[in-house]
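*Asks:* Structure file entry35.cif, mmCIF, C-alpha atoms and all ligand atoms, is pasted below:
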```cif
data_protein
#
loop_
_atom_site.group_PDB
_atom_site.id
_atom_site.type_symbol
_atom_site.label_atom_id
_atom_site.label_comp_id
_atom_site.auth_asym_id
_atom_site.auth_seq_id
_atom_site.Cartn_x
_atom_site.Cartn_y
_atom_site.Cartn_z
ATOM 1 C CA MET L 1 84.607 118.904 74.218
ATOM 2 C CA SER L 2 86.418 116.157 76.074
ATOM 3 C CA THR L 3 89.904 116.801 77.413
ATOM 4 C CA ALA L 4 92.593 114.573 75.914
ATOM 5 C CA LYS L 5 94.673 112.736 78.533
ATOM 6 C CA ASN L 6 97.834 114.586 77.431
ATOM 7 C CA ASP L 7 96.198 118.035 77.794
ATOM 8 C CA ILE L 8 95.685 117.547 81.527
ATOM 9 C CA LYS L 9 98.099 119.511 83.703
ATOM 10 C CA ARG L 10 99.312 117.023 86.276
ATOM 11 C CA ILE L 11 99.821 118.076 89.879
ATOM 12 C CA THR L 12 103.487 117.895 90.904
ATOM 13 C CA THR L 13 105.442 118.992 93.967
ATOM 14 C CA HIS L 14 106.227 122.217 92.039
ATOM 15 C CA VAL L 15 102.545 122.883 91.410
ATOM 16 C CA LEU L 16 101.796 122.293 95.104
ATOM 17 C CA HIS L 17 104.519 124.742 96.162
ATOM 18 C CA ALA L 18 103.208 127.333 93.684
ATOM 19 C CA MET L 19 99.718 126.871 95.138
ATOM 20 C CA LYS L 20 101.047 127.646 98.606
ATOM 21 C CA GLU L 21 102.866 130.727 97.304
ATOM 22 C CA LYS L 22 99.687 131.982 95.620
ATOM 23 C CA GLY L 23 97.606 131.236 98.690
ATOM 24 C CA GLU L 24 95.521 128.691 96.762
ATOM 25 C CA LYS L 25 94.222 126.012 99.132
ATOM 26 C CA ILE L 26 95.136 122.384 98.423
ATOM 27 C CA SER L 27 92.453 119.669 98.451
ATOM 28 C CA MET L 28 93.390 116.142 99.491
ATOM 29 C CA LEU L 29 91.372 112.984 100.147
ATOM 30 C CA THR L 30 92.239 109.353 100.717
ATOM 31 C CA ALA L 31 91.632 106.704 98.054
ATOM 32 C CA TYR L 32 92.302 102.996 98.117
ATOM 33 C CA ASP L 33 90.854 101.612 94.875
ATOM 34 C CA TYR L 34 90.616 102.274 91.129
ATOM 35 C CA SER L 35 86.926 103.230 90.875
ATOM 36 C CA MET L 36 86.982 105.782 93.700
ATOM 37 C CA ALA L 37 90.330 107.219 92.570
ATOM 38 C CA LYS L 38 88.910 107.785 89.070
ATOM 39 C CA ILE L 39 85.911 109.706 90.440
ATOM 40 C CA LEU L 40 88.016 111.840 92.802
ATOM 41 C CA ASP L 41 90.598 112.561 90.095
ATOM 42 C CA GLU L 42 87.890 113.595 87.612
ATOM 43 C CA ALA L 43 86.315 115.794 90.300
ATOM 44 C CA GLY L 44 89.625 117.690 90.464
ATOM 45 C CA ILE L 45 91.170 116.638 93.763
ATOM 46 C CA ASP L 46 94.781 117.869 94.026
ATOM 47 C CA ILE L 47 96.311 115.074 96.133
ATOM 48 C CA LEU L 48 95.134 111.500 96.636
ATOM 49 C CA LEU L 49 96.499 109.783 99.716
ATOM 50 C CA VAL L 50 96.656 106.011 99.688
ATOM 51 C CA GLY L 51 96.426 106.124 103.455
ATOM 52 C CA ASP L 52 97.167 103.314 105.850
ATOM 53 C CA SER L 53 93.644 104.144 107.060
ATOM 54 C CA ALA L 54 92.857 101.417 104.478
ATOM 55 C CA SER L 55 93.587 99.167 107.451
ATOM 56 C CA ASN L 56 90.467 100.606 109.150
ATOM 57 C CA VAL L 57 88.034 101.439 106.352
ATOM 58 C CA MET L 58 88.905 98.752 103.810
ATOM 59 C CA ALA L 59 90.019 95.856 106.013
ATOM 60 C CA GLY L 60 88.016 96.527 109.199
ATOM 61 C CA HIS L 61 90.945 96.604 111.630
ATOM 62 C CA GLU L 62 90.700 98.743 114.749
ATOM 63 C CA THR L 63 94.033 100.518 114.077
ATOM 64 C CA THR L 64 96.359 101.257 111.161
ATOM 65 C CA LEU L 65 99.047 98.954 112.546
ATOM 66 C CA PRO L 66 98.209 95.631 110.847
ATOM 67 C CA ILE L 67 98.364 96.745 107.196
ATOM 68 C CA THR L 68 101.438 95.447 105.332
ATOM 69 C CA LEU L 69 103.733 96.966 102.710
ATOM 70 C CA GLU L 70 102.443 94.438 100.173
ATOM 71 C CA GLN L 71 98.831 95.475 100.861
ATOM 72 C CA MET L 72 99.766 99.172 100.520
ATOM 73 C CA VAL L 73 101.380 98.408 97.152
ATOM 74 C CA TYR L 74 98.166 96.692 95.995
ATOM 75 C CA HIS L 75 96.010 99.691 97.019
ATOM 76 C CA ALA L 76 98.479 102.144 95.446
ATOM 77 C CA GLN L 77 98.580 100.233 92.145
ATOM 78 C CA SER L 78 94.761 100.295 92.005
ATOM 79 C CA VAL L 79 94.621 104.049 92.710
ATOM 80 C CA ILE L 80 97.326 104.927 90.187
ATOM 81 C CA ARG L 81 95.337 103.198 87.399
ATOM 82 C CA GLY L 82 92.422 105.576 88.037
ATOM 83 C CA VAL L 83 94.419 108.810 88.043
ATOM 84 C CA ASN L 84 95.258 111.287 85.254
ATOM 85 C CA ARG L 85 95.867 114.509 87.143
ATOM 86 C CA SER L 86 96.129 114.108 90.913
ATOM 87 C CA PHE L 87 99.391 113.746 92.833
ATOM 88 C CA VAL L 88 99.404 110.343 94.557
ATOM 89 C CA VAL L 89 101.034 109.938 97.977
ATOM 90 C CA VAL L 90 101.304 106.543 99.685
ATOM 91 C CA ASP L 91 101.683 105.909 103.418
ATOM 92 C CA LEU L 92 104.630 103.771 104.458
ATOM 93 C CA PRO L 93 102.931 101.327 106.860
ATOM 94 C CA PHE L 94 103.843 100.665 110.475
ATOM 95 C CA GLY L 95 107.022 98.604 110.773
ATOM 96 C CA SER L 96 108.313 99.425 107.300
ATOM 97 C CA TYR L 97 110.541 102.386 108.255
ATOM 98 C CA GLN L 98 110.816 103.000 112.008
ATOM 99 C CA GLY L 99 114.253 102.483 113.530
ATOM 100 C CA ASN L 100 115.903 101.205 110.364
ATOM 101 C CA SER L 101 116.769 103.617 107.570
ATOM 102 C CA THR L 102 117.858 100.877 105.155
ATOM 103 C CA LYS L 103 114.498 99.176 105.560
ATOM 104 C CA ALA L 104 112.813 102.575 105.138
ATOM 105 C CA LEU L 105 114.655 103.202 101.880
ATOM 106 C CA ASN L 106 113.777 99.726 100.583
ATOM 107 C CA SER L 107 110.110 100.169 101.555
ATOM 108 C CA ALA L 108 109.880 103.526 99.778
ATOM 109 C CA ILE L 109 111.562 102.116 96.666
ATOM 110 C CA THR L 110 109.171 99.145 96.665
ATOM 111 C CA ILE L 111 106.173 101.504 96.787
ATOM 112 C CA MET L 112 107.511 103.764 94.025
ATOM 113 C CA LYS L 113 108.715 100.965 91.746
ATOM 114 C CA GLU L 114 105.773 98.602 92.067
ATOM 115 C CA SER L 115 102.890 101.096 92.178
ATOM 116 C CA GLY L 116 103.995 104.103 90.127
ATOM 117 C CA ALA L 117 103.013 106.453 92.975
ATOM 118 C CA HIS L 118 104.507 109.946 93.182
ATOM 119 C CA ALA L 119 105.563 110.255 96.854
ATOM 120 C CA VAL L 120 105.494 108.560 100.248
ATOM 121 C CA LYS L 121 104.300 109.754 103.654
ATOM 122 C CA LEU L 122 105.917 108.867 106.996
ATOM 123 C CA GLU L 123 104.736 109.620 110.536
ATOM 124 C CA GLY L 124 107.095 111.309 112.992
ATOM 125 C CA GLY L 125 109.789 113.970 113.405
ATOM 126 C CA ALA L 126 113.365 113.844 114.718
ATOM 127 C CA GLU L 127 113.084 110.146 115.579
ATOM 128 C CA ILE L 128 112.720 109.201 111.882
ATOM 129 C CA GLU L 129 115.131 111.823 110.504
ATOM 130 C CA GLU L 130 117.635 109.277 109.206
ATOM 131 C CA SER L 131 114.919 107.286 107.392
ATOM 132 C CA VAL L 132 113.527 110.436 105.782
ATOM 133 C CA ARG L 133 117.023 111.549 104.691
ATOM 134 C CA ARG L 134 117.806 108.163 103.100
ATOM 135 C CA ILE L 135 114.500 108.122 101.183
ATOM 136 C CA LEU L 136 115.005 111.700 99.988
ATOM 137 C CA SER L 137 118.544 110.822 98.868
ATOM 138 C CA ALA L 138 117.014 108.312 96.460
ATOM 139 C CA GLY L 139 114.975 111.086 94.834
ATOM 140 C CA VAL L 140 111.672 110.048 96.393
ATOM 141 C CA PRO L 141 109.497 112.968 97.550
ATOM 142 C CA VAL L 142 108.498 112.663 101.212
ATOM 143 C CA MET L 143 105.453 114.121 102.961
ATOM 144 C CA GLY L 144 105.796 114.375 106.742
ATOM 145 C CA HIS L 145 102.999 113.734 109.273
ATOM 146 C CA LEU L 146 102.971 115.251 112.782
ATOM 147 C CA GLY L 147 100.464 115.786 115.583
ATOM 148 C CA LEU L 148 98.210 112.780 116.056
ATOM 149 C CA THR L 149 100.139 109.998 114.349
ATOM 150 C CA PRO L 150 97.868 106.917 114.375
ATOM 151 C CA GLN L 151 100.748 104.437 114.045
ATOM 152 C CA SER L 152 101.758 105.507 117.593
ATOM 153 C CA ILE L 153 98.266 105.106 119.045
ATOM 154 C CA TYR L 154 99.410 102.686 121.743
ATOM 155 C CA LYS L 155 101.993 105.232 122.893
ATOM 156 C CA PHE L 156 99.389 108.045 123.042
ATOM 157 C CA GLY L 157 96.666 105.786 124.468
ATOM 158 C CA THR L 158 93.882 107.938 122.965
ATOM 159 C CA TYR L 159 92.841 109.670 119.726
ATOM 160 C CA SER L 160 92.386 113.019 121.506
ATOM 161 C CA VAL L 161 93.794 116.382 120.354
ATOM 162 C CA ARG L 162 97.622 116.535 120.422
ATOM 163 C CA ALA L 163 100.065 119.356 121.266
ATOM 164 C CA LYS L 164 97.722 121.287 123.576
ATOM 165 C CA GLU L 165 100.565 121.591 126.101
ATOM 166 C CA GLU L 166 103.427 124.015 125.416
ATOM 167 C CA ALA L 167 106.182 121.353 125.484
ATOM 168 C CA GLU L 168 104.474 119.129 122.901
ATOM 169 C CA ALA L 169 103.609 122.148 120.721
ATOM 170 C CA GLN L 170 107.257 123.264 120.830
ATOM 171 C CA LYS L 171 108.472 119.774 119.836
ATOM 172 C CA LEU L 172 105.957 119.763 116.952
ATOM 173 C CA ILE L 173 107.218 123.156 115.717
ATOM 174 C CA GLU L 174 110.829 121.940 115.854
ATOM 175 C CA ASP L 175 109.968 118.682 114.065
ATOM 176 C CA ALA L 176 108.090 120.610 111.353
ATOM 177 C CA LYS L 177 111.113 122.872 110.781
ATOM 178 C CA LEU L 178 113.430 119.868 110.685
ATOM 179 C CA LEU L 179 111.267 118.043 108.115
ATOM 180 C CA GLU L 180 111.235 121.141 105.912
ATOM 181 C CA GLU L 181 115.004 121.663 106.319
ATOM 182 C CA ILE L 182 115.927 118.116 105.323
ATOM 183 C CA GLY L 183 113.754 118.320 102.210
ATOM 184 C CA CYS L 184 110.187 117.090 102.767
ATOM 185 C CA PHE L 185 107.925 118.626 100.095
ATOM 186 C CA ALA L 186 104.839 118.894 102.339
ATOM 187 C CA LEU L 187 103.534 118.113 105.780
ATOM 188 C CA VAL L 188 100.300 116.737 107.256
ATOM 189 C CA LEU L 189 99.245 118.022 110.676
ATOM 190 C CA GLU L 190 96.604 115.910 112.393
ATOM 191 C CA LYS L 191 94.287 116.867 115.255
ATOM 192 C CA ILE L 192 96.079 119.808 116.859
ATOM 193 C CA PRO L 193 94.806 123.250 117.984
ATOM 194 C CA ALA L 194 93.921 125.563 115.076
ATOM 195 C CA THR L 195 96.263 128.285 116.358
ATOM 196 C CA LEU L 196 99.205 125.874 116.200
ATOM 197 C CA GLY L 197 98.192 124.649 112.715
ATOM 198 C CA LYS L 198 98.181 128.269 111.491
ATOM 199 C CA LYS L 199 101.464 129.111 113.191
ATOM 200 C CA VAL L 200 103.281 126.118 111.650
ATOM 201 C CA SER L 201 101.779 126.767 108.179
ATOM 202 C CA GLU L 202 102.842 130.411 108.287
ATOM 203 C CA SER L 203 106.366 129.585 109.414
ATOM 204 C CA LEU L 204 107.073 126.975 106.699
ATOM 205 C CA HIS L 205 107.607 127.411 102.948
ATOM 206 C CA ILE L 206 106.318 123.904 102.150
ATOM 207 C CA PRO L 207 102.554 123.245 101.993
ATOM 208 C CA VAL L 208 100.955 122.146 105.259
ATOM 209 C CA ILE L 209 97.804 120.035 104.929
ATOM 210 C CA GLY L 210 95.573 119.756 107.967
ATOM 211 C CA ILE L 211 93.128 117.176 109.276
ATOM 212 C CA GLY L 212 91.545 118.619 112.382
ATOM 213 C CA ALA L 213 94.238 121.330 112.407
ATOM 214 C CA GLY L 214 91.971 124.316 111.714
ATOM 215 C CA ASN L 215 91.416 126.697 108.839
ATOM 216 C CA GLY L 216 94.875 128.272 108.808
ATOM 217 C CA THR L 217 96.685 125.439 107.028
ATOM 218 C CA ASP L 218 97.458 125.441 103.284
ATOM 219 C CA GLY L 219 95.006 122.645 102.564
ATOM 220 C CA GLN L 220 92.743 119.999 104.052
ATOM 221 C CA VAL L 221 92.675 116.204 103.985
ATOM 222 C CA LEU L 222 89.934 113.815 105.088
ATOM 223 C CA VAL L 223 89.253 110.096 104.759
ATOM 224 C CA VAL L 224 86.938 109.672 101.768
ATOM 225 C CA HIS L 225 84.750 107.066 103.484
ATOM 226 C CA ASP L 226 84.025 109.629 106.239
ATOM 227 C CA VAL L 227 83.307 112.462 103.775
ATOM 228 C CA LEU L 228 80.839 110.323 101.821
ATOM 229 C CA GLY L 229 79.213 108.840 104.921
ATOM 230 C CA ILE L 230 80.201 105.253 104.140
ATOM 231 C CA THR L 231 81.510 105.022 107.703
ATOM 232 C CA LYS L 232 78.738 105.544 110.227
ATOM 233 C CA ASP L 233 79.891 105.668 113.825
ATOM 234 C CA PHE L 234 82.742 108.181 113.541
ATOM 235 C CA HIS L 235 81.871 111.768 114.437
ATOM 236 C CA PRO L 236 84.971 113.815 115.226
ATOM 237 C CA ARG L 237 84.456 117.568 115.378
ATOM 238 C CA PHE L 238 86.763 118.100 112.361
ATOM 239 C CA LEU L 239 84.706 115.944 109.996
ATOM 240 C CA ARG L 240 82.227 117.400 107.495
ATOM 241 C CA ARG L 241 80.036 114.697 105.909
ATOM 242 C CA TYR L 242 78.783 115.527 102.416
ATOM 243 C CA LEU L 243 76.667 112.386 101.913
ATOM 244 C CA ASN L 244 75.123 109.582 103.898
ATOM 245 C CA LEU L 245 76.063 106.715 101.590
ATOM 246 C CA TYR L 246 75.768 104.118 104.336
ATOM 247 C CA ASP L 247 71.995 104.552 104.438
ATOM 248 C CA THR L 248 71.667 105.307 100.697
ATOM 249 C CA ILE L 249 73.460 102.068 99.757
ATOM 250 C CA LYS L 250 71.565 100.057 102.369
ATOM 251 C CA THR L 251 68.219 101.309 101.032
ATOM 252 C CA ALA L 252 69.208 100.609 97.399
ATOM 253 C CA VAL L 253 70.394 97.095 98.243
ATOM 254 C CA GLY L 254 67.199 96.491 100.223
ATOM 255 C CA GLN L 255 65.201 97.456 97.116
ATOM 256 C CA TYR L 256 67.319 95.125 94.926
ATOM 257 C CA ILE L 257 66.773 92.223 97.348
ATOM 258 C CA SER L 258 63.050 92.808 97.354
ATOM 259 C CA ASP L 259 62.941 93.049 93.511
ATOM 260 C CA VAL L 260 64.843 89.755 93.190
ATOM 261 C CA LYS L 261 62.640 87.996 95.752
ATOM 262 C CA SER L 262 59.404 89.233 94.155
ATOM 263 C CA GLY L 263 60.527 88.324 90.627
ATOM 264 C CA ASP L 264 60.213 91.987 89.545
ATOM 265 C CA PHE L 265 63.876 91.932 88.481
ATOM 266 C CA PRO L 266 64.799 91.258 85.718
ATOM 267 C CA SER L 267 61.929 92.690 83.670
ATOM 268 C CA GLU L 268 61.232 92.027 79.951
ATOM 269 C CA GLU L 269 63.577 94.892 79.011
ATOM 270 C CA GLU L 270 66.347 93.536 81.238
ATOM 271 C CA GLN L 271 66.602 90.121 79.582
ATOM 272 C CA TYR L 272 67.645 88.702 76.176
HETATM 273 O O1 LIG L 301 95.952 107.207 106.540
HETATM 274 C C1 LIG L 301 95.325 108.273 106.502
HETATM 275 O O2 LIG L 301 94.149 108.332 106.135
HETATM 276 C C2 LIG L 301 96.019 109.493 106.910
HETATM 277 C C3 LIG L 301 95.214 110.753 106.967
HETATM 278 C C4 LIG L 301 94.408 110.747 108.196
HETATM 279 C C5 LIG L 301 96.057 111.962 106.859
HETATM 280 O O3 LIG L 301 97.171 109.472 107.195
#
```
Please re-express this file's structure in structure tokens.
*Replies:*
Amino acid sequence: MSTAKNDIKRITTHVLHAMKEKGEKISMLTAYDYSMAKILDEAGIDILLVGDSASNVMAGHETTLPITLEQMVYHAQSVIRGVNRSFVVVDLPFGSYQGNSTKALNSAITIMKESGAHAVKLEGGAEIEESVRRILSAGVPVMGHLGLTPQSIYKFGTYSVRAKEEAEAQKLIEDAKLLEEIGCFALVLEKIPATLGKKVSESLHIPVIGIGAGNGTDGQVLVVHDVLGITKDFHPRFLRRYLNLYDTIKTAVGQYISDVKSGDFPSEEEQY
């Protein structure tokens, strides 16, 4: 029996909080287009992140910095059309919220209004407090992001593990508490020691989703292109690849090329 669209219980911020309370882990993946979003939604993913990692995996840039608000809106609109159940979060891109809370509010409203997404994600702690407060005041749910924050890659200088030193770990803990206090509904922690990921998750009431933050967080997020093996030369310790689509697609396309060249395709049955 097929499930009618209206029968599907949508994931909301309330559902996510209840999952944390029950100790039910939250699954989250990135998505950037309609077709992939539809598959991930049907598979039962809880949260889809229209990540600014689209800048890397969709557009081929070296960092997440070049992607624009307009491009994020386009990706978010495409994802939303494929979704019936998942909660869709969209990254505010670099330059659309830092240092200017009015701009931040306008960027978040643009995303929500033009894409139909359910929440936005911003990187940073105390330094973006005013932007987060303004966005929350407009009724837009905000997910925080601490630890390795790729929009600050030129400040860090490397993609190595963050908050290994006591001072940085302490600042991360304070930022996490602040983001919860001012009203963020969830938090992403990227590439930090597992002990710190567990400690922060246990000390907050909001769900904490980790990427390279160990097994003690309330959920996990990965970039879908990495999980499916569409990307090839990226092997961080935290990544589990479930497929090798790079080679699978290459082999299939090689077969198609050879069938076209040999005249094998189309066959009698494949023509009118
Ligand atoms: O843009 C992205 O893919 C992200 C995840 C790494 C959390 O922010």
*Asks:* Evaluate the PyMOL selection byres (((chain L and resi 103-107) around 10) and not hetatm) here and jot the selected residues down as a ChimeraX atom specification.
*Replies:* /L:69-70,73,92-93,95-102,108-113,120,122,128,130-138,140
*Asks:* So that I have them on file, write out the residues from the current selection with C-alpha atoms, as a PDB file, in the coordinates of the input.
*Replies:*
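As written to disk, result13.pdb reads:
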```
ATOM      1  CA  LEU L  69     103.733  96.966 102.710  1.00  0.00           C
ATOM      2  CA  GLU L  70     102.443  94.438 100.173  1.00  0.00           C
ATOM      3  CA  VAL L  73     101.380  98.408  97.152  1.00  0.00           C
ATOM      4  CA  LEU L  92     104.630 103.771 104.458  1.00  0.00           C
ATOM      5  CA  PRO L  93     102.931 101.327 106.860  1.00  0.00           C
ATOM      6  CA  GLY L  95     107.022  98.604 110.773  1.00  0.00           C
ATOM      7  CA  SER L  96     108.313  99.425 107.300  1.00  0.00           C
ATOM      8  CA  TYR L  97     110.541 102.386 108.255  1.00  0.00           C
ATOM      9  CA  GLN L  98     110.816 103.000 112.008  1.00  0.00           C
ATOM     10  CA  GLY L  99     114.253 102.483 113.530  1.00  0.00           C
ATOM     11  CA  ASN L 100     115.903 101.205 110.364  1.00  0.00           C
ATOM     12  CA  SER L 101     116.769 103.617 107.570  1.00  0.00           C
ATOM     13  CA  THR L 102     117.858 100.877 105.155  1.00  0.00           C
ATOM     14  CA  ALA L 108     109.880 103.526  99.778  1.00  0.00           C
ATOM     15  CA  ILE L 109     111.562 102.116  96.666  1.00  0.00           C
ATOM     16  CA  THR L 110     109.171  99.145  96.665  1.00  0.00           C
ATOM     17  CA  ILE L 111     106.173 101.504  96.787  1.00  0.00           C
ATOM     18  CA  MET L 112     107.511 103.764  94.025  1.00  0.00           C
ATOM     19  CA  LYS L 113     108.715 100.965  91.746  1.00  0.00           C
ATOM     20  CA  VAL L 120     105.494 108.560 100.248  1.00  0.00           C
ATOM     21  CA  LEU L 122     105.917 108.867 106.996  1.00  0.00           C
ATOM     22  CA  ILE L 128     112.720 109.201 111.882  1.00  0.00           C
ATOM     23  CA  GLU L 130     117.635 109.277 109.206  1.00  0.00           C
ATOM     24  CA  SER L 131     114.919 107.286 107.392  1.00  0.00           C
ATOM     25  CA  VAL L 132     113.527 110.436 105.782  1.00  0.00           C
ATOM     26  CA  ARG L 133     117.023 111.549 104.691  1.00  0.00           C
ATOM     27  CA  ARG L 134     117.806 108.163 103.100  1.00  0.00           C
ATOM     28  CA  ILE L 135     114.500 108.122 101.183  1.00  0.00           C
ATOM     29  CA  LEU L 136     115.005 111.700  99.988  1.00  0.00           C
ATOM     30  CA  SER L 137     118.544 110.822  98.868  1.00  0.00           C
ATOM     31  CA  ALA L 138     117.014 108.312  96.460  1.00  0.00           C
ATOM     32  CA  VAL L 140     111.672 110.048  96.393  1.00  0.00           C
TER      33      VAL L 140
END
```
*Asks:* Residues up to 6 Å from ligand LIG 301 (chain L), counting all atoms listed in the file: could you list those as a list in words?
*Replies:*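 Here is the list of contacting residues: Thr30, Gly51, Asp52, Ser53 and Val223 of chain L.
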*Asks:* Find the residues near Leu40 (chain L): any atom within 10 Å, counting only C-alpha atoms, skip ones fewer than 4 places away on the same chain, and give them as an mmCIF file with C-alpha atoms, in the coordinates of the input.
*Replies:*
```cif
data_model
loop_
_atom_site.group_PDB
_atom_site.id
_atom_site.type_symbol
_atom_site.label_atom_id
_atom_site.label_comp_id
_atom_site.auth_asym_id
_atom_site.auth_seq_id
_atom_site.Cartn_x
_atom_site.Cartn_y
_atom_site.Cartn_z
ATOM 1 C CA MET L 28 93.390 116.142 99.491
ATOM 2 C CA LEU L 29 91.372 112.984 100.147
ATOM 3 C CA THR L 30 92.239 109.353 100.717
ATOM 4 C CA ALA L 31 91.632 106.704 98.054
ATOM 5 C CA SER L 35 86.926 103.230 90.875
ATOM 6 C CA MET L 36 86.982 105.782 93.700
ATOM 7 C CA GLY L 44 89.625 117.690 90.464
ATOM 8 C CA ILE L 45 91.170 116.638 93.763
ATOM 9 C CA ASP L 46 94.781 117.869 94.026
ATOM 10 C CA ILE L 47 96.311 115.074 96.133
ATOM 11 C CA LEU L 48 95.134 111.500 96.636
ATOM 12 C CA GLY L 82 92.422 105.576 88.037
ATOM 13 C CA VAL L 83 94.419 108.810 88.043
ATOM 14 C CA SER L 86 96.129 114.108 90.913
ATOM 15 C CA VAL L 224 86.938 109.672 101.768
#
```
*Asks:* Put a box with edges along x, y and z around all the listed atoms of region 182-197 of chain L, pad it by 5 Å on each side, then give me its centre and sizes in Å, one decimal, as lines of an AutoDock Vina configuration file.
*Replies:*
```
center_x = 104.9
center_y = 122.1
center_z = 109.0
size_x = 32.0
size_y = 22.4
size_z = 27.9
```
*Asks:* Out of L:Glu174, L:Glu127, L:Asp226, L:Asp41, which residue has the shortest atom-to-atom distance to Arg241 (chain L) when counting all atoms listed in the file?
*Replies:* L:Asp226
*Asks:* List as an mmCIF file with C-alpha atoms, in the coordinates of the input the protein and nucleic acid residues near Ile249 (chain L), meaning an atom at most 12 Å away when all atoms listed in the file are counted, but skip any in the same chain fewer than 5 places from it.
*Replies:*
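Result written to part.cif:
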```cif
data_model
loop_
_atom_site.group_PDB
_atom_site.id
_atom_site.type_symbol
_atom_site.label_atom_id
_atom_site.label_comp_id
_atom_site.auth_asym_id
_atom_site.auth_seq_id
_atom_site.Cartn_x
_atom_site.Cartn_y
_atom_site.Cartn_z
ATOM 1 C CA LEU L 228 80.839 110.323 101.821
ATOM 2 C CA GLY L 229 79.213 108.840 104.921
ATOM 3 C CA ILE L 230 80.201 105.253 104.140
ATOM 4 C CA THR L 231 81.510 105.022 107.703
ATOM 5 C CA LEU L 243 76.667 112.386 101.913
ATOM 6 C CA ASN L 244 75.123 109.582 103.898
ATOM 7 C CA GLY L 254 67.199 96.491 100.223
ATOM 8 C CA GLN L 255 65.201 97.456 97.116
ATOM 9 C CA TYR L 256 67.319 95.125 94.926
#
```
*Asks:* What separation in Å, quoted to one decimal, exists between CA of Val89 (chain L) and CA of Met143 (chain L)?
*Replies:*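 Separation of CA of Val89 (chain L) and CA of Met143 (chain L): 7.9 Å.
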*Asks:* Pick out the residues sitting within 10 Å of region 152-157 of chain L, and hand them over as number ranges by chain; count only C-alpha atoms, and ignore anything fewer than 3 positions along from it in its own chain.
*Replies:* L: 63-65, 94, 123-124, 148-149, 160, 162
*Asks:* What does the structure give for the distance between CA of Ala194 (chain L) and CA of Phe234 (chain L), in Å to one decimal?
*Replies:* 20.7 Å
*Asks:* Identify which of the residues L:Ser27, L:Ser262, L:Thr13, L:Gln151 lies closest to Leu222 (chain L), counting all atoms listed in the file when measuring atom-to-atom distances.
*Replies:* L:Ser27
*Asks:* Hey, which of L:Met19, L:Leu189, L:Tyr34, L:Ser115 ends up closest to Gln71 (chain L)? Count only C-alpha atoms.
*Replies:*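 Going through L:Met19, L:Leu189, L:Tyr34, L:Ser115 one by one, the smallest distance to Gln71 (chain L) is for L:Ser115.
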*Asks:* For CA of Glu168 (chain L) and CA of Gly210 (chain L), quote the distance in Å rounded to one decimal.
*Replies:*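 CA of Glu168 (chain L) sits 17.4 Å away from CA of Gly210 (chain L).
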*Asks:* Would you mind listing what lies within 7 Å of Cys184 (chain L) as a VMD selection string, with all atoms listed in the file counted and same-chain residues fewer than 3 positions away left out?
*Replies:* chain L and resid 141 to 144 179 to 180
*Asks:* Return as a PDB file with C-alpha atoms, in the coordinates of the input the set of residues that the PyMOL selection byres (((chain L and resi 14) around 12) and not hetatm) yields on the displayed structure.
*Replies:*
```
ATOM      1  CA  LYS L   9      98.099 119.511  83.703  1.00  0.00           C
ATOM      2  CA  ARG L  10      99.312 117.023  86.276  1.00  0.00           C
ATOM      3  CA  ILE L  11      99.821 118.076  89.879  1.00  0.00           C
ATOM      4  CA  THR L  12     103.487 117.895  90.904  1.00  0.00           C
ATOM      5  CA  THR L  13     105.442 118.992  93.967  1.00  0.00           C
ATOM      6  CA  VAL L  15     102.545 122.883  91.410  1.00  0.00           C
ATOM      7  CA  LEU L  16     101.796 122.293  95.104  1.00  0.00           C
ATOM      8  CA  HIS L  17     104.519 124.742  96.162  1.00  0.00           C
ATOM      9  CA  ALA L  18     103.208 127.333  93.684  1.00  0.00           C
ATOM     10  CA  MET L  19      99.718 126.871  95.138  1.00  0.00           C
ATOM     11  CA  LYS L  20     101.047 127.646  98.606  1.00  0.00           C
ATOM     12  CA  GLU L  21     102.866 130.727  97.304  1.00  0.00           C
ATOM     13  CA  PHE L  87      99.391 113.746  92.833  1.00  0.00           C
ATOM     14  CA  PRO L 141     109.497 112.968  97.550  1.00  0.00           C
ATOM     15  CA  PHE L 185     107.925 118.626 100.095  1.00  0.00           C
ATOM     16  CA  ALA L 186     104.839 118.894 102.339  1.00  0.00           C
ATOM     17  CA  ILE L 206     106.318 123.904 102.150  1.00  0.00           C
ATOM     18  CA  PRO L 207     102.554 123.245 101.993  1.00  0.00           C
TER      19      PRO L 207
END
```
*Asks:* Please provide as a list in words all residues within 8 Å of Ala76 (chain L), with the sequence filter that same-chain residues fewer than 6 positions apart are discarded (counting only C-alpha atoms).
*Replies:* Tyr32, Asp33, Val50, Val90, Ile111, Ser115, Gly116 and Ala117 of chain L
*Asks:* Smallest atom-to-atom distance to Met58 (chain L): which of L:His225, L:Lys22, L:His145, L:Lys177, using all atoms listed in the file?
*Replies:*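 The shortest atom-to-atom distance to Met58 (chain L) comes from L:His225.
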